[in-house]
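Enquirer: Provided below: my_file.cif, containing mmCIF, C-alpha atoms and all ligand atoms; chains and numbers go by the auth columns.
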```
data_target
loop_
_atom_site.group_PDB
_atom_site.id
_atom_site.type_symbol
_atom_site.label_atom_id
_atom_site.label_comp_id
_atom_site.label_asym_id
_atom_site.label_seq_id
_atom_site.Cartn_x
_atom_site.Cartn_y
_atom_site.Cartn_z
_atom_site.B_iso_or_equiv
_atom_site.auth_seq_id
_atom_site.auth_asym_id
ATOM 1 C CA MET A 1 0.000 0.000 0.000 0.00 1080 Z
ATOM 2 C CA LEU A 2 2.947 2.308 0.739 0.00 1081 Z
ATOM 3 C CA ALA A 3 4.179 2.094 -2.874 0.00 1082 Z
ATOM 4 C CA LEU A 4 0.677 2.793 -4.181 0.00 1083 Z
ATOM 5 C CA ARG A 5 0.387 5.806 -1.877 0.00 1084 Z
ATOM 6 C CA ASN A 6 3.744 7.120 -3.097 0.00 1085 Z
ATOM 7 C CA ILE A 7 2.632 6.741 -6.721 0.00 1086 Z
ATOM 8 C CA HIS A 8 -0.665 8.458 -5.833 0.00 1087 Z
ATOM 9 C CA MET A 9 1.286 11.353 -4.285 0.00 1088 Z
ATOM 10 C CA ALA A 10 3.611 11.625 -7.289 0.00 1089 Z
ATOM 11 C CA LEU A 11 0.597 11.716 -9.646 0.00 1090 Z
ATOM 12 C CA ALA A 12 -1.001 14.398 -7.431 0.00 1091 Z
ATOM 13 C CA ILE A 13 2.140 16.565 -7.722 0.00 1092 Z
ATOM 14 C CA LEU A 14 2.267 15.961 -11.501 0.00 1093 Z
ATOM 15 C CA SER A 15 -1.397 16.982 -11.754 0.00 1094 Z
ATOM 16 C CA VAL A 16 -0.668 20.339 -10.091 0.00 1095 Z
ATOM 17 C CA VAL A 17 2.535 20.963 -12.076 0.00 1096 Z
ATOM 18 C CA GLY A 18 0.680 20.095 -15.303 0.00 1097 Z
ATOM 19 C CA PHE A 19 -2.187 22.391 -14.392 0.00 1098 Z
ATOM 20 C CA ILE A 20 0.162 25.323 -13.640 0.00 1099 Z
ATOM 21 C CA LEU A 21 1.926 24.797 -16.987 0.00 1100 Z
ATOM 22 C CA ARG A 22 -1.358 24.691 -18.918 0.00 1101 Z
ATOM 23 C CA ALA A 23 -2.642 27.755 -17.050 0.00 1102 Z
ATOM 24 C CA ALA A 24 0.554 29.638 -18.002 0.00 1103 Z
ATOM 25 C CA TRP A 25 0.115 28.623 -21.653 0.00 1104 Z
ATOM 26 C CA ALA A 26 -3.537 29.727 -21.482 0.00 1105 Z
ATOM 27 C CA PHE A 27 -2.469 33.174 -20.193 0.00 1106 Z
ATOM 28 C CA MET A 28 0.088 33.448 -23.009 0.00 1107 Z
ATOM 29 C CA GLY A 29 -2.422 32.255 -25.633 0.00 1108 Z
ATOM 30 C CA SER A 30 0.104 29.588 -26.601 0.00 1109 Z
ATOM 31 C CA PRO A 31 -0.782 27.054 -29.324 0.00 1110 Z
ATOM 32 C CA VAL A 32 1.022 24.390 -27.239 0.00 1111 Z
ATOM 33 C CA LEU A 33 -2.234 24.105 -25.296 0.00 1112 Z
ATOM 34 C CA LYS A 34 -3.924 22.624 -28.356 0.00 1113 Z
ATOM 35 C CA SER A 35 -1.241 19.995 -29.027 0.00 1114 Z
ATOM 36 C CA LYS A 36 -2.272 16.382 -28.615 0.00 1115 Z
ATOM 37 C CA PRO A 37 0.048 15.382 -25.720 0.00 1116 Z
ATOM 38 C CA VAL A 38 -0.922 18.472 -23.723 0.00 1117 Z
ATOM 39 C CA ARG A 39 -4.599 17.676 -24.232 0.00 1118 Z
ATOM 40 C CA ILE A 40 -4.338 13.932 -23.517 0.00 1119 Z
ATOM 41 C CA LEU A 41 -1.609 13.451 -20.856 0.00 1120 Z
ATOM 42 C CA PRO A 42 -3.440 15.324 -18.044 0.00 1121 Z
ATOM 43 C CA HIS A 43 -6.446 13.017 -18.497 0.00 1122 Z
ATOM 44 C CA VAL A 44 -4.220 9.929 -18.299 0.00 1123 Z
ATOM 45 C CA ASN A 45 -2.478 11.302 -15.175 0.00 1124 Z
ATOM 46 C CA ASP A 46 -5.697 12.373 -13.462 0.00 1125 Z
ATOM 47 C CA THR A 47 -7.487 9.101 -14.248 0.00 1126 Z
ATOM 48 C CA LEU A 48 -4.582 7.136 -12.695 0.00 1127 Z
ATOM 49 C CA LEU A 49 -4.598 9.512 -9.696 0.00 1128 Z
ATOM 50 C CA LEU A 50 -8.320 8.893 -9.182 0.00 1129 Z
ATOM 51 C CA VAL A 51 -8.079 5.120 -9.701 0.00 1130 Z
ATOM 52 C CA LEU A 52 -5.215 4.842 -7.180 0.00 1131 Z
ATOM 53 C CA GLY A 53 -7.172 7.052 -4.765 0.00 1132 Z
ATOM 54 C CA VAL A 54 -10.132 4.674 -5.028 0.00 1133 Z
ATOM 55 C CA VAL A 55 -7.828 1.647 -4.529 0.00 1134 Z
ATOM 56 C CA LEU A 56 -6.226 3.275 -1.451 0.00 1135 Z
ATOM 57 C CA ALA A 57 -9.640 4.222 -0.064 0.00 1136 Z
ATOM 58 C CA TYR A 58 -10.873 0.668 -0.640 0.00 1137 Z
ATOM 59 C CA GLY A 59 -7.796 -0.617 1.220 0.00 1138 Z
ATOM 60 C CA LEU A 60 -8.739 1.575 4.188 0.00 1139 Z
ATOM 61 C CA GLY A 61 -12.324 0.211 4.177 0.00 1140 Z
ATOM 62 C CA TRP A 62 -13.722 3.224 2.254 0.00 1141 Z
ATOM 63 C CA PRO A 63 -13.632 5.663 5.238 0.00 1142 Z
ATOM 64 C CA VAL A 64 -16.090 8.132 3.694 0.00 1143 Z
ATOM 65 C CA THR A 65 -18.019 8.495 6.953 0.00 1144 Z
ATOM 66 C CA SER A 66 -14.893 9.848 8.676 0.00 1145 Z
ATOM 67 C CA GLY A 67 -15.346 13.047 6.658 0.00 1146 Z
ATOM 68 C CA TRP A 68 -11.909 13.622 5.187 0.00 1147 Z
ATOM 69 C CA LEU A 69 -12.417 11.415 2.136 0.00 1148 Z
ATOM 70 C CA ALA A 70 -15.776 13.033 1.329 0.00 1149 Z
ATOM 71 C CA ALA A 71 -14.172 16.481 1.766 0.00 1150 Z
ATOM 72 C CA LYS A 72 -11.390 15.440 -0.608 0.00 1151 Z
ATOM 73 C CA LEU A 73 -13.863 14.260 -3.243 0.00 1152 Z
ATOM 74 C CA VAL A 74 -15.959 17.445 -3.058 0.00 1153 Z
ATOM 75 C CA ALA A 75 -12.804 19.589 -3.268 0.00 1154 Z
ATOM 76 C CA LEU A 76 -11.644 17.439 -6.202 0.00 1155 Z
ATOM 77 C CA LEU A 77 -14.859 18.296 -8.100 0.00 1156 Z
ATOM 78 C CA ALA A 78 -14.249 21.993 -7.354 0.00 1157 Z
ATOM 79 C CA TYR A 79 -10.573 21.647 -8.506 0.00 1158 Z
ATOM 80 C CA ILE A 80 -11.799 20.146 -11.786 0.00 1159 Z
ATOM 81 C CA GLY A 81 -14.451 22.878 -12.183 0.00 1160 Z
ATOM 82 C CA PHE A 82 -11.986 25.731 -11.587 0.00 1161 Z
ATOM 83 C CA GLY A 83 -9.538 23.981 -13.943 0.00 1162 Z
ATOM 84 C CA VAL A 84 -12.168 23.993 -16.694 0.00 1163 Z
ATOM 85 C CA VAL A 85 -12.842 27.703 -16.031 0.00 1164 Z
ATOM 86 C CA THR A 86 -9.079 28.426 -16.318 0.00 1165 Z
ATOM 87 C CA LEU A 87 -8.605 26.636 -19.610 0.00 1166 Z
ATOM 88 C CA ARG A 88 -11.874 27.680 -21.272 0.00 1167 Z
ATOM 89 C CA ALA A 89 -11.948 31.321 -20.093 0.00 1168 Z
ATOM 90 C CA THR A 90 -11.756 33.934 -22.827 0.00 1169 Z
ATOM 91 C CA THR A 91 -10.424 36.745 -20.612 0.00 1170 Z
ATOM 92 C CA ASN A 92 -7.395 36.897 -18.279 0.00 1171 Z
ATOM 93 C CA PRO A 93 -9.366 38.084 -15.186 0.00 1172 Z
ATOM 94 C CA MET A 94 -11.625 35.037 -15.561 0.00 1173 Z
ATOM 95 C CA ARG A 95 -8.539 32.828 -15.995 0.00 1174 Z
ATOM 96 C CA LEU A 96 -7.160 34.294 -12.776 0.00 1175 Z
ATOM 97 C CA VAL A 97 -10.379 33.380 -10.933 0.00 1176 Z
ATOM 98 C CA GLY A 98 -9.931 29.829 -12.261 0.00 1177 Z
ATOM 99 C CA VAL A 99 -6.249 29.579 -11.254 0.00 1178 Z
ATOM 100 C CA VAL A 100 -6.763 30.994 -7.749 0.00 1179 Z
ATOM 101 C CA GLY A 101 -9.799 28.732 -7.216 0.00 1180 Z
ATOM 102 C CA ALA A 102 -8.092 25.594 -8.527 0.00 1181 Z
ATOM 103 C CA LEU A 103 -4.856 26.134 -6.546 0.00 1182 Z
ATOM 104 C CA SER A 104 -6.839 26.874 -3.358 0.00 1183 Z
ATOM 105 C CA CYS A 105 -8.815 23.654 -3.827 0.00 1184 Z
ATOM 106 C CA VAL A 106 -5.793 21.489 -4.502 0.00 1185 Z
ATOM 107 C CA GLY A 107 -3.911 23.091 -1.587 0.00 1186 Z
ATOM 108 C CA TYR A 108 -6.870 22.191 0.635 0.00 1187 Z
ATOM 109 C CA ILE A 109 -6.870 18.623 -0.802 0.00 1188 Z
ATOM 110 C CA PHE A 110 -3.178 18.211 0.143 0.00 1189 Z
ATOM 111 C CA MET A 111 -3.838 19.516 3.675 0.00 1190 Z
ATOM 112 C CA VAL A 112 -6.803 17.155 4.095 0.00 1191 Z
ATOM 113 C CA ALA A 113 -4.767 14.244 2.674 0.00 1192 Z
ATOM 114 C CA PHE A 114 -1.917 14.769 5.157 0.00 1193 Z
ATOM 115 C CA THR A 115 -4.027 15.524 8.248 0.00 1194 Z
ATOM 116 C CA LYS A 116 -6.980 13.192 7.469 0.00 1195 Z
ATOM 117 C CA ASN A 117 -9.100 16.052 8.773 0.00 1196 Z
ATOM 118 C CA PRO A 118 -11.768 17.864 6.706 0.00 1197 Z
ATOM 119 C CA LEU A 119 -10.986 21.028 8.722 0.00 1198 Z
ATOM 120 C CA PRO A 120 -7.176 20.930 8.529 0.00 1199 Z
ATOM 121 C CA PHE A 121 -6.767 24.573 9.594 0.00 1200 Z
ATOM 122 C CA ALA A 122 -8.904 24.210 12.746 0.00 1201 Z
HETATM 123 C C1 LIG B . -6.088 16.223 -6.696 0.00 1301 W
HETATM 124 C C2 LIG B . -6.436 15.108 -6.092 0.00 1301 W
HETATM 125 C C3 LIG B . -5.675 14.446 -4.981 0.00 1301 W
HETATM 126 C C4 LIG B . -4.557 14.851 -4.299 0.00 1301 W
HETATM 127 C C5 LIG B . -3.748 16.135 -4.474 0.00 1301 W
HETATM 128 C C6 LIG B . -4.265 13.818 -3.322 0.00 1301 W
HETATM 129 C C7 LIG B . -3.194 13.841 -2.455 0.00 1301 W
HETATM 130 C C8 LIG B . -2.883 12.841 -1.561 0.00 1301 W
HETATM 131 C C9 LIG B . -1.713 12.797 -0.728 0.00 1301 W
HETATM 132 C C10 LIG B . -0.618 13.871 -0.694 0.00 1301 W
HETATM 133 C C11 LIG B . -1.776 11.662 0.026 0.00 1301 W
HETATM 134 C C12 LIG B . -0.744 11.167 1.042 0.00 1301 W
HETATM 135 C C13 LIG B . -1.138 11.501 2.451 0.00 1301 W
HETATM 136 C C14 LIG B . -0.230 10.870 3.487 0.00 1301 W
HETATM 137 O O1 LIG B . 0.825 10.351 3.191 0.00 1301 W
HETATM 138 O O2 LIG B . -0.609 10.913 4.662 0.00 1301 W
HETATM 139 C C15 LIG B . -2.995 10.995 -0.310 0.00 1301 W
HETATM 140 C C16 LIG B . -3.442 9.842 0.270 0.00 1301 W
HETATM 141 C C17 LIG B . -4.674 9.275 0.014 0.00 1301 W
HETATM 142 N N1 LIG B . -5.546 9.613 -0.986 0.00 1301 W
HETATM 143 FE FE1 LIG B . -5.360 11.193 -2.235 0.00 1301 W
HETATM 144 N N2 LIG B . -5.211 12.834 -3.427 0.00 1301 W
HETATM 145 C C18 LIG B . -6.085 13.182 -4.422 0.00 1301 W
HETATM 146 C C19 LIG B . -7.183 12.461 -4.851 0.00 1301 W
HETATM 147 C C20 LIG B . -7.701 11.382 -4.187 0.00 1301 W
HETATM 148 C C21 LIG B . -8.941 10.721 -4.516 0.00 1301 W
HETATM 149 C C22 LIG B . -9.864 11.120 -5.657 0.00 1301 W
HETATM 150 C C23 LIG B . -9.121 9.702 -3.613 0.00 1301 W
HETATM 151 C C24 LIG B . -10.234 8.714 -3.457 0.00 1301 W
HETATM 152 C C25 LIG B . -11.168 8.448 -4.307 0.00 1301 W
HETATM 153 C C26 LIG B . -7.975 9.713 -2.737 0.00 1301 W
HETATM 154 C C27 LIG B . -7.775 8.833 -1.702 0.00 1301 W
HETATM 155 C C28 LIG B . -6.659 8.793 -0.890 0.00 1301 W
HETATM 156 C C29 LIG B . -6.492 7.885 0.223 0.00 1301 W
HETATM 157 C C30 LIG B . -7.492 6.821 0.698 0.00 1301 W
HETATM 158 C C31 LIG B . -5.236 8.187 0.796 0.00 1301 W
HETATM 159 C C32 LIG B . -4.650 7.602 2.070 0.00 1301 W
HETATM 160 C C33 LIG B . -3.806 6.418 1.904 0.00 1301 W
HETATM 161 C C34 LIG B . -3.302 5.975 3.274 0.00 1301 W
HETATM 162 O O3 LIG B . -3.187 6.777 4.220 0.00 1301 W
HETATM 163 O O4 LIG B . -3.006 4.792 3.370 0.00 1301 W
HETATM 164 N N3 LIG B . -7.141 10.745 -3.123 0.00 1301 W
HETATM 165 N N4 LIG B . -3.647 11.723 -1.282 0.00 1301 W
#
```
Translate this file's structure into structure tokens.
Expert:
Amino acid sequence: MLALRNIHMALAILSVVGFILRAAWAFMGSPVLKSKPVRILPHVNDTLLLVLGVVLAYGLGWPVTSGWLAAKLVALLAYIGFGVVTLRATTNPMRLVGVVGALSCVGYIFMVAFTKNPLPFA
């Protein structure tokens, strides 16, 4: 399980790095954003991240009632939503809203993951 968790963590870091890169390209209006690898690789990474998360959660007896896993999943949906806003926005202020929202959500997800507490700042 330790190896799987390490892979899950590495994929989580790659997801954030990939998002920051794509957000930067979106701000610059770069055509790189439309290239095939840049469109496909994040989906491969994020699908593996999710699948490993489900496997890890299953290994822990699916602790959704403890709160932290549910909080992570809700924040994950928000991270995805803000990511879509960032990459589809047609103006830079809207892109900024997306980036700030997405990075706040994923920062919260990391805090919840490490503390196993849905209120990690409390
Ligand atoms: C952007 C999304 C995600 C990020 C950034 C993330 C991040 C992390 C990190 C950093 C850890 C390691 C915590 C530690 O060592 O104490 C972790 C563990 C874990 N993650 Fe995620 N995760 C994400 C998505 C998910 C999803 C979607 C699920 C479930 C469906 C999930 C389930 C788990 C479980 C169960 C563990 C604990 C494993 C254990 O303690 O044995 N994660 N996650």
Enquirer: Which residues are near Z:Val1130? Cut-off 12 Å, only C-alpha atoms, ignore same chain within fewer than 6 positions. Put them as a JSON list (two decimals) with C-alpha atoms, in the coordinates of the input.
Expert:
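Output below, filename result-v4.json:
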```
[["chain", "number", "residue", "atom", "x", "y", "z"],
["Z", 1083, "LEU", "CA", 0.68, 2.79, -4.18],
["Z", 1084, "ARG", "CA", 0.39, 5.81, -1.88],
["Z", 1086, "ILE", "CA", 2.63, 6.74, -6.72],
["Z", 1087, "HIS", "CA", -0.66, 8.46, -5.83],
["Z", 1090, "LEU", "CA", 0.60, 11.72, -9.65],
["Z", 1091, "ALA", "CA", -1.00, 14.40, -7.43],
["Z", 1122, "HIS", "CA", -6.45, 13.02, -18.50],
["Z", 1123, "VAL", "CA", -4.22, 9.93, -18.30],
["Z", 1124, "ASN", "CA", -2.48, 11.30, -15.18],
["Z", 1136, "ALA", "CA", -9.64, 4.22, -0.06],
["Z", 1137, "TYR", "CA", -10.87, 0.67, -0.64]]
```
Enquirer: Taking the file as shown, what set of residues would the PyMOL selection byres (((not hetatm)) within 7 of (chain W and resi 1301)) give back, as a list in words?
Expert: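 When the PyMOL selection byres (((not hetatm)) within 7 of (chain W and resi 1301)) is applied to the shown file, the picked residues are Met1080, Leu1081, Arg1084, His1087, Met1088, Ala1091, Ile1092, Ser1094, Leu1128, Leu1129, Gly1132, Val1133, Leu1135, Ala1136, Leu1139, Leu1148, Lys1151, Leu1152, Leu1155, Val1185, Ile1188, Phe1189, Ala1192, Phe1193 and Thr1194 of chain Z.
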Enquirer: Which residue gives the smallest distance to Z:Val1095 among Z:Leu1175, Z:Leu1112, Z:Ile1159, Z:Ala1149, with only C-alpha atoms counted?
Expert: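 Going through Z:Leu1175, Z:Leu1112, Z:Ile1159, Z:Ala1149 one by one, the smallest distance to Z:Val1095 is for Z:Ile1159.
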Enquirer: Might you spell out which residues the PyMOL selection byres (((chain Z and resi 1099-1102) around 9) and not hetatm) would select in the displayed file, as a PyMOL selection string?
Expert: chain Z and resi 1094-1098+1103-1107+1111-1112+1117+1162+1165-1166+1174+1177-1178+1182
Enquirer: Nearest to Z:Pro1142: which of Z:Ser1109, Z:Thr1169, Z:Ala1154, Z:Lys1195 is it, counting all atoms listed in the file?
Expert: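 Closest residue, counting all atoms listed in the file: Z:Lys1195.
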Enquirer: From the set Z:Ala1201, Z:Val1176, Z:Asn1196, Z:Ile1119, which residue has the shortest atom-to-atom contact distance to Z:Ala1150, counting only C-alpha atoms?
Expert: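 Among the listed residues, Z:Asn1196 lies closest to Z:Ala1150.
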Enquirer: May I ask for the distance between atom CA of Z:Val1134 and atom CA of Z:Val1163, given in Å to one decimal place?
Expert: 25.8 Å
Enquirer: Have a look at atom CA of Z:Thr1126 and atom CA of Z:Ala1168 and let me know their distance in Å, one decimal.
Expert: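 Interatomic distance, atom CA of Z:Thr1126 to atom CA of Z:Ala1168: 23.4 Å.
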Enquirer: So how far away is atom CA of Z:Ala1082 from atom CA of Z:Leu1198, in Å?
Expert: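 These atoms are spaced 26.9 Å apart.
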Enquirer: Have a look at Z:Gly1146, Z:Arg1167, Z:Phe1161, Z:Pro1197 and name the one nearest to Z:Ser1183; count all atoms listed in the file.
Expert: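 The answer is Z:Phe1161, which sits nearest to Z:Ser1183.
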Enquirer: Nearest to Z:Ala1157 among Z:Leu1120, Z:Ala1181, Z:Val1143, Z:Leu1127, with distances taken over only C-alpha atoms: which residue is it?
Expert: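 Comparing Z:Leu1120, Z:Ala1181, Z:Val1143, Z:Leu1127 against Z:Ala1157, the winner is Z:Ala1181.
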